[in-house]
file work29.tsv (TSV, C-alpha atoms)
chain	number	residue	atom	x	y	z
F	1	MET	CA	0.88	-66.22	19.27
F	2	ALA	CA	1.10	-69.85	18.43
F	3	LEU	CA	3.85	-69.50	15.85
F	4	PRO	CA	7.38	-70.40	16.93
F	5	PRO	CA	9.60	-67.30	17.28
F	6	SER	CA	11.61	-68.08	14.17
F	7	LEU	CA	8.48	-67.85	12.01
F	8	ARG	CA	7.19	-64.67	13.61
F	9	THR	CA	9.96	-62.43	12.36
F	10	SER	CA	9.86	-63.25	8.67
F	11	ILE	CA	8.65	-65.87	6.25
F	12	THR	CA	10.90	-68.77	5.37
F	13	PRO	CA	13.01	-69.06	2.22
F	14	LEU	CA	10.93	-72.07	1.23
F	15	GLU	CA	7.77	-70.01	1.29
F	16	LEU	CA	9.45	-67.42	-0.88
F	17	GLU	CA	10.37	-70.16	-3.30
F	18	LEU	CA	6.75	-71.22	-3.38
F	19	VAL	CA	5.67	-67.67	-4.19
F	20	ALA	CA	8.28	-67.43	-6.93
F	21	SER	CA	7.02	-70.68	-8.42
F	22	GLU	CA	3.96	-68.84	-9.66
F	23	GLN	CA	6.05	-66.89	-12.17
F	24	LEU	CA	5.68	-67.81	-15.79
F	25	VAL	CA	8.63	-69.33	-17.63
F	26	GLU	CA	9.05	-70.58	-21.14
F	27	ILE	CA	9.36	-74.25	-21.88
F	28	VAL	CA	9.72	-76.38	-24.96
F	29	PRO	CA	7.31	-79.24	-24.32
F	30	LEU	CA	8.07	-82.78	-25.39
F	31	VAL	CA	4.52	-83.99	-24.95
F	32	SER	CA	1.33	-82.50	-26.25
F	33	MET	CA	-1.46	-81.49	-23.96
F	34	GLU	CA	-4.72	-79.61	-24.42
F	35	ARG	CA	-5.32	-76.30	-22.69
F	36	THR	CA	-5.90	-77.26	-19.07
F	37	ALA	CA	-7.48	-75.25	-16.25
F	38	PHE	CA	-5.65	-75.03	-12.93
F	39	ILE	CA	-6.59	-73.04	-9.86
F	40	SER	CA	-4.18	-70.25	-10.80
F	41	GLY	CA	-5.32	-70.14	-14.43
F	42	ALA	CA	-5.46	-72.08	-17.66
F	43	TYR	CA	-2.18	-73.03	-19.33
F	44	GLY	CA	-1.41	-74.64	-22.61
F	45	PRO	CA	-2.04	-76.03	-25.09
F	46	LEU	CA	1.32	-77.77	-25.32
F	47	ARG	CA	2.34	-78.51	-28.90
F	48	PRO	CA	5.79	-80.14	-28.94
F	49	PRO	CA	8.10	-77.98	-31.03
F	50	THR	CA	6.52	-74.64	-30.07
F	51	LYS	CA	7.48	-72.73	-26.95
F	52	CYS	CA	4.87	-72.22	-24.32
F	53	LYS	CA	4.55	-70.19	-21.11
F	54	VAL	CA	3.67	-72.07	-17.95
F	55	PRO	CA	4.20	-71.38	-14.25
F	56	LEU	CA	7.54	-72.38	-12.81
F	57	TRP	CA	6.07	-75.08	-10.59
F	58	MET	CA	4.51	-76.77	-13.59
F	59	ALA	CA	7.67	-76.40	-15.65
F	60	SER	CA	9.84	-78.00	-12.99
F	61	ASN	CA	7.31	-80.77	-12.55
F	62	LEU	CA	7.27	-81.52	-16.28
F	63	LYS	CA	11.03	-81.22	-16.46
F	64	LEU	CA	11.55	-83.81	-13.74
F	65	LYS	CA	9.34	-86.19	-15.70
F	66	LYS	CA	11.49	-85.37	-18.75
F	67	LYS	CA	8.48	-83.96	-20.57
F	68	CYS	CA	9.95	-80.59	-21.48
F	69	HIS	CA	13.08	-78.48	-21.83
F	70	MET	CA	13.23	-75.26	-19.91
F	71	VAL	CA	14.14	-72.05	-21.66
F	72	PRO	CA	16.21	-70.04	-19.18
F	73	PRO	CA	15.15	-66.41	-18.66
F	74	ALA	CA	17.16	-63.72	-20.42
F	75	TRP	CA	19.14	-62.84	-17.30
F	76	LEU	CA	20.23	-66.36	-16.41
F	77	ASN	CA	23.37	-66.70	-18.50
F	78	VAL	CA	27.06	-66.15	-18.01
F	79	ASP	CA	27.34	-62.92	-20.02
F	80	PHE	CA	24.53	-61.10	-18.26
F	81	LEU	CA	25.58	-62.20	-14.81
F	82	GLN	CA	29.21	-61.34	-15.49
F	83	GLU	CA	28.20	-57.85	-16.44
F	84	ARG	CA	26.02	-57.54	-13.34
F	85	LEU	CA	28.81	-58.78	-11.12
F	86	LEU	CA	31.12	-56.15	-12.57
F	87	ARG	CA	28.55	-53.47	-11.91
F	88	GLU	CA	27.92	-54.84	-8.45
F	89	THR	CA	31.58	-54.62	-7.52
F	90	THR	CA	32.20	-51.16	-8.99
F	91	ASP	CA	28.95	-49.31	-8.25
F	92	PRO	CA	28.13	-48.39	-4.66
F	93	GLY	CA	24.39	-49.06	-5.12
F	94	PHE	CA	22.60	-52.34	-5.71
F	95	SER	CA	22.29	-53.12	-9.38
F	96	GLU	CA	18.94	-53.98	-10.82
F	97	MET	CA	18.04	-57.65	-10.75
F	98	PRO	CA	14.70	-59.39	-11.17
F	99	PHE	CA	12.94	-59.23	-7.80
F	100	ARG	CA	12.89	-62.98	-7.27
F	101	PHE	CA	16.05	-63.89	-9.13
F	102	ALA	CA	17.55	-65.95	-6.31
F	103	GLU	CA	14.56	-68.27	-6.08
F	104	VAL	CA	14.07	-68.70	-9.83
F	105	ALA	CA	17.76	-69.27	-10.41
F	106	LYS	CA	17.92	-71.86	-7.67
F	107	ILE	CA	14.97	-73.81	-9.02
F	108	LEU	CA	16.37	-73.79	-12.54
F	109	LEU	CA	19.86	-74.77	-11.45
F	110	ASP	CA	18.36	-77.45	-9.29
F	111	VAL	CA	15.96	-78.97	-11.76
F	112	ALA	CA	17.30	-78.19	-15.19
F	113	PRO	CA	21.08	-77.74	-15.15
F	114	ASP	CA	21.21	-79.51	-18.53
F	115	ASP	CA	19.11	-76.75	-20.13
F	116	LEU	CA	21.53	-74.04	-19.02
F	117	GLN	CA	24.82	-73.23	-20.60
F	118	ASN	CA	27.65	-73.65	-18.17
F	119	PRO	CA	25.56	-74.10	-14.98
F	120	ASP	CA	28.61	-74.30	-12.74
F	121	ARG	CA	29.87	-70.94	-13.88
F	122	ILE	CA	26.39	-69.48	-13.39
F	123	ARG	CA	26.29	-70.90	-9.91
F	124	MET	CA	29.63	-69.30	-9.09
F	125	LEU	CA	28.57	-65.95	-10.52
F	126	LEU	CA	25.33	-65.95	-8.57
F	127	LYS	CA	27.25	-66.70	-5.42
F	128	ASP	CA	29.67	-63.84	-6.08
F	129	ILE	CA	26.80	-61.47	-6.78
F	130	ARG	CA	25.11	-62.53	-3.61
F	131	GLU	CA	28.23	-61.92	-1.58
F	132	ALA	CA	28.86	-58.53	-3.14
F	133	ARG	CA	25.31	-57.51	-2.34
F	134	GLN	CA	25.55	-58.83	1.18
F	135	ALA	CA	28.59	-56.68	1.78
F	136	LYS	CA	26.56	-53.68	0.68
F	137	SER	CA	23.63	-54.38	2.93
F	138	ARG	CA	26.12	-54.72	5.76
F	139	GLU	CA	27.34	-51.23	4.98
F	140	GLY	CA	23.75	-50.04	5.11
F	141	LEU	CA	23.66	-51.34	8.66
F	142	SER	CA	26.00	-48.64	9.90
F	143	LYS	CA	23.76	-46.00	8.36
F	144	LEU	CA	20.72	-47.45	10.09
F	145	ASP	CA	18.41	-44.76	11.30
F	146	HIS	CA	15.26	-44.86	13.36
F	147	ASN	CA	13.04	-43.25	10.73
F	148	GLU	CA	13.65	-44.78	7.38
F	149	LEU	CA	15.81	-47.07	5.36
F	150	MET	CA	16.29	-47.02	1.63
F	151	LEU	CA	17.84	-50.01	-0.07
F	152	PRO	CA	16.58	-49.81	-3.64
F	153	ASN	CA	16.80	-52.88	-5.87
F	154	LEU	CA	17.11	-55.25	-2.97
F	155	CYS	CA	15.57	-58.61	-3.83
F	156	ALA	CA	13.00	-60.75	-2.07
F	157	MET	CA	15.43	-63.23	-0.60
F	158	GLU	CA	17.83	-60.57	0.60
F	159	ILE	CA	15.09	-58.51	2.17
F	160	ASN	CA	13.86	-61.59	3.91
F	161	GLU	CA	17.29	-62.39	5.26
F	162	ILE	CA	17.96	-59.00	6.76
F	163	ARG	CA	14.43	-58.22	7.86
F	164	PRO	CA	14.49	-59.63	11.42
F	165	PHE	CA	17.52	-57.76	12.67
F	166	PHE	CA	17.04	-54.59	10.66
F	167	VAL	CA	13.56	-54.23	12.07
F	168	ARG	CA	14.70	-54.96	15.59
F	169	GLY	CA	17.68	-52.64	15.25
F	170	MET	CA	15.52	-49.79	14.04
F	171	ASN	CA	13.14	-50.48	16.87
F	172	VAL	CA	15.95	-50.16	19.40
F	173	LEU	CA	17.16	-46.95	17.81
F	174	THR	CA	13.65	-45.52	18.02
F	175	HIS	CA	13.69	-46.17	21.73
F	176	LEU	CA	17.15	-44.71	22.22
F	177	THR	CA	16.35	-41.52	20.38
F	178	ARG	CA	14.82	-38.93	22.62
F	179	GLU	CA	11.24	-38.22	21.73
F	180	PRO	CA	10.24	-34.59	21.93
F	181	VAL	CA	8.42	-33.89	25.18
F	182	PRO	CA	4.78	-32.93	24.62
F	183	VAL	CA	3.95	-29.36	25.59
F	184	ASP	CA	1.48	-30.10	28.40
F	185	ALA	CA	3.91	-32.51	30.03
F	186	MET	CA	6.46	-29.68	30.04
F	187	ASP	CA	4.07	-27.46	31.97
F	188	GLN	CA	3.68	-29.99	34.74
F	189	MET	CA	7.43	-30.26	35.30
Q	1	MET	CA	13.22	-52.03	25.60
Q	2	GLU	CA	9.49	-51.35	25.36
Q	3	ASP	CA	7.47	-49.54	27.99
Q	4	ASP	CA	4.92	-52.30	28.06
Q	5	TYR	CA	3.76	-53.11	31.58
Q	6	PHE	CA	4.23	-56.80	30.93
Q	7	SER	CA	7.66	-56.50	29.33
Q	8	ILE	CA	10.07	-58.62	31.34
Q	9	GLU	CA	12.96	-56.79	29.73
Q	10	SER	CA	11.74	-53.48	30.97
Q	11	ILE	CA	11.52	-54.91	34.49
Q	12	LEU	CA	15.02	-56.34	34.20
Q	13	ALA	CA	16.38	-53.05	32.98
Q	14	GLU	CA	14.91	-51.39	36.05
Q	15	ASN	CA	16.66	-53.88	38.28
Q	16	GLN	CA	19.65	-51.63	38.78
Q	17	LYS	CA	20.47	-49.36	41.66
Q	18	ILE	CA	21.31	-45.73	41.41
Q	19	GLN	CA	22.71	-43.49	44.06
Q	20	CYS	CA	20.33	-40.91	45.41
Q	21	THR	CA	20.99	-38.04	47.78
Q	22	PHE	CA	17.97	-37.30	49.92
Q	23	LYS	CA	16.98	-33.68	50.25
Q	24	ILE	CA	14.72	-34.16	53.28
Q	25	ASP	CA	14.51	-36.37	56.33
Q	26	VAL	CA	12.45	-39.48	55.84
Q	27	PRO	CA	11.33	-41.06	59.10
Q	28	ASP	CA	11.56	-44.82	59.65
Q	29	MET	CA	12.94	-45.66	56.24
Q	30	GLY	CA	16.52	-46.39	57.26
Q	31	HIS	CA	16.15	-50.02	56.19
Q	32	LEU	CA	16.42	-48.91	52.58
Q	33	ASP	CA	20.09	-48.28	53.23
Q	34	GLY	CA	20.95	-51.82	54.20
Q	35	GLY	CA	19.46	-52.99	57.45
Q	36	LYS	CA	19.83	-49.96	59.69
Q	37	ALA	CA	16.64	-48.97	61.39
Q	38	GLY	CA	15.74	-45.38	61.99
Q	39	ASP	CA	15.40	-42.35	59.78
Q	40	ILE	CA	17.02	-41.33	56.57
Q	41	LYS	CA	18.63	-37.98	57.15
Q	42	ALA	CA	18.74	-35.22	54.58
Q	43	LEU	CA	21.90	-35.30	52.43
Q	44	SER	CA	22.53	-38.95	53.13
Q	45	LYS	CA	23.43	-41.03	50.08
Q	46	VAL	CA	21.45	-44.20	49.54
Q	47	GLN	CA	21.52	-46.79	46.76
Q	48	ILE	CA	17.97	-47.13	45.58
Q	49	PRO	CA	16.53	-49.46	42.96
Q	50	LEU	CA	15.60	-47.59	39.84
Q	51	TRP	CA	11.91	-48.41	40.02
Q	52	MET	CA	11.69	-46.71	43.40
Q	53	ALA	CA	13.89	-43.82	42.42
Q	54	TYR	CA	11.35	-42.43	39.93
Q	55	ILE	CA	8.84	-41.35	42.51
Q	56	LEU	CA	11.50	-39.95	44.85
Q	57	ILE	CA	13.11	-37.91	42.12
Q	58	PHE	CA	9.94	-36.67	40.53
Q	59	SER	CA	8.52	-35.65	43.92
Q	60	ASP	CA	11.73	-33.77	44.61
Q	61	TYR	CA	12.61	-35.80	47.72
Q	62	ALA	CA	15.97	-36.80	46.32
Q	63	ASP	CA	18.58	-36.09	43.69
Q	64	PHE	CA	20.50	-38.76	41.86
Q	65	THR	CA	23.96	-39.09	40.45
Q	66	ILE	CA	24.59	-40.60	37.02
Q	67	PRO	CA	25.34	-44.27	37.67
Q	68	PRO	CA	28.81	-45.66	36.84
Q	69	PRO	CA	27.78	-47.46	33.59
Q	70	PHE	CA	27.21	-43.99	32.10
Q	71	SER	CA	29.94	-42.08	33.88
Q	72	ALA	CA	32.34	-39.78	32.11
Q	73	ARG	CA	34.98	-42.50	32.13
Q	74	VAL	CA	32.76	-44.93	30.25
Q	75	ARG	CA	31.66	-42.21	27.87
Q	76	ASN	CA	35.24	-41.36	27.07
Q	77	ALA	CA	35.99	-45.00	26.42
Q	78	LEU	CA	32.93	-45.22	24.17
Q	79	ASN	CA	34.01	-42.12	22.33
Q	80	ALA	CA	37.41	-43.61	21.72
Q	81	GLU	CA	36.30	-47.04	20.53
Q	82	PRO	CA	32.73	-48.21	21.09
Q	83	ARG	CA	33.54	-51.76	20.14
Q	84	SER	CA	36.11	-52.38	22.83
Q	85	VAL	CA	33.87	-51.47	25.76
Q	86	ARG	CA	32.33	-54.42	27.51
Q	87	LEU	CA	28.76	-53.37	28.03
Q	88	SER	CA	27.82	-56.58	29.78
Q	89	ALA	CA	30.52	-55.97	32.39
Q	90	LEU	CA	28.94	-52.61	33.15
Q	91	VAL	CA	25.47	-53.90	33.93
Q	92	GLY	CA	26.13	-57.50	34.88
Q	93	GLN	CA	25.88	-60.59	32.71
Q	94	GLY	CA	22.76	-60.48	30.56
Q	95	GLY	CA	22.05	-56.97	31.76
Q	96	LEU	CA	20.42	-54.43	29.53
Q	97	TRP	CA	22.78	-51.50	29.18
Q	98	TYR	CA	20.69	-49.77	26.55
Q	99	GLY	CA	17.50	-50.33	28.49
Q	100	PHE	CA	19.08	-48.95	31.66
Q	101	GLY	CA	20.49	-46.01	29.75
Q	102	ARG	CA	17.10	-45.24	28.38
Q	103	MET	CA	15.56	-45.18	31.86
Q	104	ILE	CA	18.28	-42.82	33.07
Q	105	MET	CA	17.71	-40.71	30.00
Q	106	ARG	CA	14.10	-40.24	30.98
Q	107	LEU	CA	15.07	-39.13	34.48
Q	108	LEU	CA	17.26	-36.40	33.05
Q	109	ASN	CA	16.09	-33.26	31.37
Q	110	ASP	CA	16.98	-31.52	28.17
Q	111	VAL	CA	20.68	-31.18	27.61
Q	112	PRO	CA	22.05	-34.12	29.63
Q	113	ALA	CA	19.28	-36.35	28.26
Q	114	GLU	CA	20.14	-35.29	24.75
Q	115	GLU	CA	23.78	-36.08	25.41
Q	116	LEU	CA	23.00	-39.50	26.82
Q	117	SER	CA	20.70	-40.27	23.92
Q	118	GLY	CA	23.55	-39.33	21.62
Q	119	VAL	CA	25.95	-41.63	23.45
Q	120	LEU	CA	23.46	-44.51	23.34
Q	121	THR	CA	22.58	-44.21	19.67
Q	122	LYS	CA	26.17	-43.66	18.61
Q	123	THR	CA	27.33	-46.69	20.54
Q	124	PHE	CA	24.53	-48.85	19.22
Q	125	ARG	CA	25.17	-47.83	15.66
Q	126	ALA	CA	28.91	-48.35	15.91
Q	127	ARG	CA	28.57	-51.80	17.43
Q	128	LEU	CA	25.72	-53.10	15.31
Q	129	PRO	CA	27.76	-54.08	12.21
Q	130	ASP	CA	30.10	-56.12	14.39
Q	131	VAL	CA	27.23	-57.85	16.13
Q	132	ILE	CA	25.69	-58.83	12.81
Q	133	ASP	CA	29.02	-59.80	11.27
Q	134	GLN	CA	29.77	-62.16	14.07
Q	135	ALA	CA	26.26	-63.60	13.99
Q	136	GLN	CA	26.59	-64.33	10.30
Q	137	HIS	CA	30.06	-65.70	10.77
Q	138	PHE	CA	28.80	-68.08	13.42
Q	139	ALA	CA	25.78	-69.09	11.37
Q	140	SER	CA	28.08	-70.26	8.60
Q	141	LEU	CA	30.42	-72.02	11.01
Q	142	HIS	CA	27.86	-74.20	12.71
Q	143	ALA	CA	26.55	-75.65	9.51
Q	144	THR	CA	29.91	-77.13	8.57
Q	145	SER	CA	31.92	-77.79	11.70
Q	146	GLY	CA	31.89	-77.03	15.39
Q	147	PRO	CA	32.55	-73.51	16.58
Q	148	SER	CA	36.18	-72.54	16.34
Q	149	ALA	CA	37.67	-70.14	18.82
Q	150	GLY	CA	37.98	-67.20	16.44
Q	151	ASP	CA	40.38	-64.46	17.32
Q	152	ALA	CA	40.56	-63.16	20.84
Q	153	GLY	CA	39.22	-59.71	20.02
Q	154	ALA	CA	36.05	-61.12	18.50
Q	155	ALA	CA	35.51	-63.40	21.46
Q	156	ALA	CA	35.92	-60.51	23.87
Q	157	PHE	CA	33.45	-58.48	21.88
Q	158	ARG	CA	30.92	-61.29	22.00
Q	159	GLU	CA	31.24	-61.52	25.75
Q	160	GLY	CA	30.82	-57.78	26.04
Q	161	MET	CA	27.48	-57.67	24.25
Q	162	ASP	CA	24.56	-56.53	26.36
Q	163	GLY	CA	21.14	-58.19	26.40
Q	164	THR	CA	19.73	-56.18	23.52
Q	165	GLU	CA	22.69	-56.95	21.32
Q	166	ARG	CA	22.48	-60.61	22.21
Q	167	GLU	CA	18.91	-60.64	21.02
Q	168	LEU	CA	19.94	-59.08	17.71
Q	169	PHE	CA	22.78	-61.55	17.42
Q	170	GLN	CA	20.31	-64.39	17.82
Q	171	LEU	CA	17.93	-62.95	15.23
Q	172	ALA	CA	20.67	-62.42	12.68
Q	173	GLN	CA	22.16	-65.83	13.29
Q	174	ASP	CA	18.85	-67.64	12.87
Q	175	SER	CA	18.02	-65.74	9.74
Q	176	ALA	CA	21.43	-66.27	8.16
Q	177	ARG	CA	21.34	-69.94	9.01
Q	178	ARG	CA	17.90	-70.41	7.51
Q	179	THR	CA	18.82	-68.67	4.29
Q	180	LYS	CA	22.07	-70.54	4.03
Q	181	ALA	CA	20.30	-73.84	4.54
Q	182	TRP	CA	17.91	-72.96	1.76
Q	183	TYR	CA	20.72	-72.08	-0.64
Q	184	GLU	CA	22.48	-75.34	0.08
Q	185	THR	CA	19.68	-77.86	0.02
Q	186	SER	CA	18.42	-79.38	-3.14
Q	187	GLU	CA	14.74	-80.17	-3.33
Q	188	ARG	CA	15.20	-82.18	-6.44
Q	189	GLY	CA	14.62	-85.56	-4.85
Q	190	LYS	CA	11.37	-84.48	-3.27
Q	191	ARG	CA	9.65	-83.14	-6.31
call {"tool": "encode", "arguments": {"input": "work29.tsv", "output": "structure tokens"}}
result
Amino acid sequence: MALPPSLRTSITPLELELVASEQLVEIVPLVSMERTAFISGAYGPLRPPTKCKVPLWMASNLKLKKKCHMVPPAWLNVDFLQERLLRETTDPGFSEMPFRFAEVAKILLDVAPDDLQNPDRIRMLLKDIREARQAKSREGLSKLDHNELMLPNLCAMEINEIRPFFVRGMNVLTHLTREPVPVDAMDQM
Amino acid sequence: MEDDYFSIESILAENQKIQCTFKIDVPDMGHLDGGKAGDIKALSKVQIPLWMAYILIFSDYADFTIPPPFSARVRNALNAEPRSVRLSALVGQGGLWYGFGRMIMRLLNDVPAEELSGVLTKTFRARLPDVIDQAQHFASLHATSGPSAGDAGAAAFREGMDGTERELFQLAQDSARRTKAWYETSERGKR
């Protein structure tokens, strides 16, 4: 294969971010624009005081040109994240989060911290949540098995991070587990 | 670890000698036992590379003894604390303890093979979290400063990792480093 080894095992976080950028978010436009066709679909029309749903890539683009305010998704605020962090630290399982929350949160914190309430606190909470979840996936490692692995509610970025060595580890375990000897091979022995 | 004909790892894992006891006389093969010409007598003990041992054992020309990396002493040590056994010391630097174990496992039949498989999987599973922990620890170190010594136990564990574990270490380290880099960079200027 022509790909470098680091790209063969999993896709990069940047690619995941690109995928997440297709998600729709709400914005409050500051400029008006007619309904416009893009490759991924038609978005608009933008009428300044009314909210509008556009893909994240377009929202961040407009935001950087100061042509809109972003409306943060319902889960990106201190109260919600605080509650999730509490659940994350008390419950043994992973708590439910939007599948691409890490990517979306990063883009919003990156591009539109002024549209969020208390972005620093949000950043801290996200970091804590991430660490709590990482500790859990580490625990899952000791239960690794050659047949199957169940980590419900794991998110895109986390799956991507653990994929290379989980897959390899399971592969090794498959080889170390004794496969049942086929019947005709038994006869020959 | 794979059985692929072209797998270098599989060839390296076979590059170990095991002790065989011949059951019959083999004429003119004395050179296998280090330079002596002449015949191999029945019941003589010869160190034979693993790749050659297969055919001898399966054709019932020889018996083999479990090699030292999987002896009862090592198994007891693994039972007591898998993480403090230096696997790399057992099979040589960069050796493949798991790969070697797997080859031995296939030479054995039912019960002993089952036992060995149990030892291998148990050891692997017990050591895996430490391998990954250290990989992630190192991934976060390199980004900020140079590698610090860490505590002695961790360093000893790292040295004791066998080839397969080293590969996993590398994978985990790369992945953790990539993800960390993504979390820390801001793309804002580029947009």
call {"tool": "closest_residue", "arguments": {"input": "work29.tsv", "among": "F:Val172, F:Leu141, F:Leu64, F:Leu86", "to": "Ala126 (chain Q)", "atoms": "only C-alpha atoms"}}
result
F:Leu141
call {"tool": "closest_residue", "arguments": {"input": "work29.tsv", "among": "Q:Leu128, Q:Leu78, Q:Met161, Q:Ala154", "to": "chain F", "atoms": "only C-alpha atoms"}}
result
Q:Leu128
call {"tool": "closest_atom_pairs", "arguments": {"input": "work29.tsv", "of": "chain F", "to": "chain Q", "cutoff": "9 Å", "atoms": "only C-alpha atoms", "output": "CSV"}}
result
residue,atom,partner,partner_atom,distance
F:Ser6,CA,Q:Asp174,CA,7.4
F:Thr9,CA,Q:Leu171,CA,8.5
F:Ser10,CA,Q:Ser175,CA,8.6
F:Thr12,CA,Q:Arg178,CA,7.5
F:Pro13,CA,Q:Thr179,CA,6.2
F:Leu14,CA,Q:Trp182,CA,7.1
F:Ser60,CA,Q:Arg191,CA,8.4
F:Asn61,CA,Q:Arg191,CA,7.1
F:Leu64,CA,Q:Arg191,CA,7.7
F:Ala102,CA,Q:Tyr183,CA,8.9
F:Lys106,CA,Q:Tyr183,CA,7.6
F:Ile107,CA,Q:Glu187,CA,8.5
F:Asp110,CA,Q:Arg188,CA,6.4
F:Val111,CA,Q:Arg188,CA,6.3
F:Arg138,CA,Q:Pro129,CA,6.7
F:Glu139,CA,Q:Pro129,CA,7.8
F:Leu141,CA,Q:Pro129,CA,6.1
F:Ser142,CA,Q:Arg125,CA,5.9
F:Lys143,CA,Q:Arg125,CA,7.7
F:Leu144,CA,Q:Arg125,CA,7.1
F:Asp145,CA,Q:Arg125,CA,8.6
F:Met157,CA,Q:Thr179,CA,8.1
F:Glu158,CA,Q:Thr179,CA,9.0
F:Asn160,CA,Q:Ser175,CA,8.3
F:Glu161,CA,Q:Ser175,CA,5.6
F:Ile162,CA,Q:Ala172,CA,7.4
F:Arg163,CA,Q:Ser175,CA,8.5
F:Pro164,CA,Q:Leu171,CA,6.1
F:Phe165,CA,Q:Ala172,CA,5.6
F:Phe166,CA,Q:Leu168,CA,8.8
F:Arg168,CA,Q:Leu168,CA,7.0
F:Gly169,CA,Q:Leu168,CA,7.3
F:Asn171,CA,Q:Met1,CA,8.9
F:Val172,CA,Q:Met1,CA,7.0
F:Leu173,CA,Q:Thr121,CA,6.4
F:His175,CA,Q:Met1,CA,7.0
F:Leu176,CA,Q:Ser117,CA,5.9
F:Thr177,CA,Q:Ser117,CA,5.7
F:Arg178,CA,Q:Ser117,CA,6.2
F:Met189,CA,Q:Phe58,CA,8.6
call {"tool": "axis_aligned_box", "arguments": {"input": "work29.tsv", "around": "region 154-157 of chain F", "padding_each_side": "4 Å", "output": "lines of an AutoDock Vina configuration file"}}
result
center_x = 15.1
center_y = -59.2
center_z = -2.2
size_x = 12.1
size_y = 16.0
size_z = 11.2
call {"tool": "residues_around", "arguments": {"input": "work29.tsv", "residues": "Phe157 (chain Q)", "least_positions_apart": "5", "cutoff": "8 Å", "atoms": "all atoms listed in the file", "output": "short mmCIF file (atom, residue, chain, number, x, y, z; two decimals) with C-alpha atoms, in the coordinates of the input"}}
result
data_model
loop_
_atom_site.label_atom_id
_atom_site.label_comp_id
_atom_site.auth_asym_id
_atom_site.auth_seq_id
_atom_site.Cartn_x
_atom_site.Cartn_y
_atom_site.Cartn_z
CA ARG Q 83 33.54 -51.76 20.14
CA SER Q 84 36.11 -52.38 22.83
CA ARG Q 86 32.33 -54.42 27.51
#
call {"tool": "atom_distance", "arguments": {"input": "work29.tsv", "atom1": "CA of Ala156 (chain Q)", "atom2": "CA of Ile8 (chain Q)"}}
result
27.0 Å
call {"tool": "atom_distance", "arguments": {"input": "work29.tsv", "atom1": "CA of Val111 (chain Q)", "atom2": "CA of Ser7 (chain Q)"}}
result
28.5 Å
call {"tool": "residues_around", "arguments": {"input": "work29.tsv", "residues": "Leu125 (chain F)", "least_positions_apart": "5", "cutoff": "9 Å", "atoms": "only C-alpha atoms", "output": "JSON, numbers by chain"}}
result
{"F": [78, 81, 82, 85, 120, 130]}
call {"tool": "atom_distance", "arguments": {"input": "work29.tsv", "atom1": "CA of Trp97 (chain Q)", "atom2": "CA of Asp162 (chain Q)"}}
result
6.0 Å
call {"tool": "residues_around", "arguments": {"input": "work29.tsv", "residues": "region 13-20 of chain Q", "least_positions_apart": "6", "cutoff": "8 Å", "atoms": "only C-alpha atoms", "output": "list in words"}}
result
Lys45, Val46, Gln47, Ile48, Pro49, Leu50, Trp51, Ala53, Ala62, Asp63, Phe64, Thr65, Ile66, Pro67, Val91, Gly95, Leu96, Trp97, Gly99, Phe100 and Met103 of chain Q
call {"tool": "write_last_selection", "arguments": {"input": "work29.tsv", "atoms": "C-alpha atoms", "output": "JSON list (two decimals), keeping the file's coordinate frame"}}
result
[["chain", "number", "residue", "atom", "x", "y", "z"],
["Q", 45, "LYS", "CA", 23.43, -41.03, 50.08],
["Q", 46, "VAL", "CA", 21.45, -44.20, 49.54],
["Q", 47, "GLN", "CA", 21.52, -46.79, 46.76],
["Q", 48, "ILE", "CA", 17.97, -47.13, 45.58],
["Q", 49, "PRO", "CA", 16.53, -49.46, 42.96],
["Q", 50, "LEU", "CA", 15.60, -47.59, 39.84],
["Q", 51, "TRP", "CA", 11.91, -48.41, 40.02],
["Q", 53, "ALA", "CA", 13.89, -43.82, 42.42],
["Q", 62, "ALA", "CA", 15.97, -36.80, 46.32],
["Q", 63, "ASP", "CA", 18.58, -36.09, 43.69],
["Q", 64, "PHE", "CA", 20.50, -38.76, 41.86],
["Q", 65, "THR", "CA", 23.96, -39.09, 40.45],
["Q", 66, "ILE", "CA", 24.59, -40.60, 37.02],
["Q", 67, "PRO", "CA", 25.34, -44.27, 37.67],
["Q", 91, "VAL", "CA", 25.47, -53.90, 33.93],
["Q", 95, "GLY", "CA", 22.05, -56.97, 31.76],
["Q", 96, "LEU", "CA", 20.42, -54.43, 29.53],
["Q", 97, "TRP", "CA", 22.78, -51.50, 29.18],
["Q", 99, "GLY", "CA", 17.50, -50.33, 28.49],
["Q", 100, "PHE", "CA", 19.08, -48.95, 31.66],
["Q", 103, "MET", "CA", 15.56, -45.18, 31.86]]
call {"tool": "closest_residue", "arguments": {"input": "work29.tsv", "among": "F:Ile27, F:Leu56, F:Ile129, F:Leu149", "to": "Phe94 (chain F)", "atoms": "only C-alpha atoms"}}
result
F:Ile129
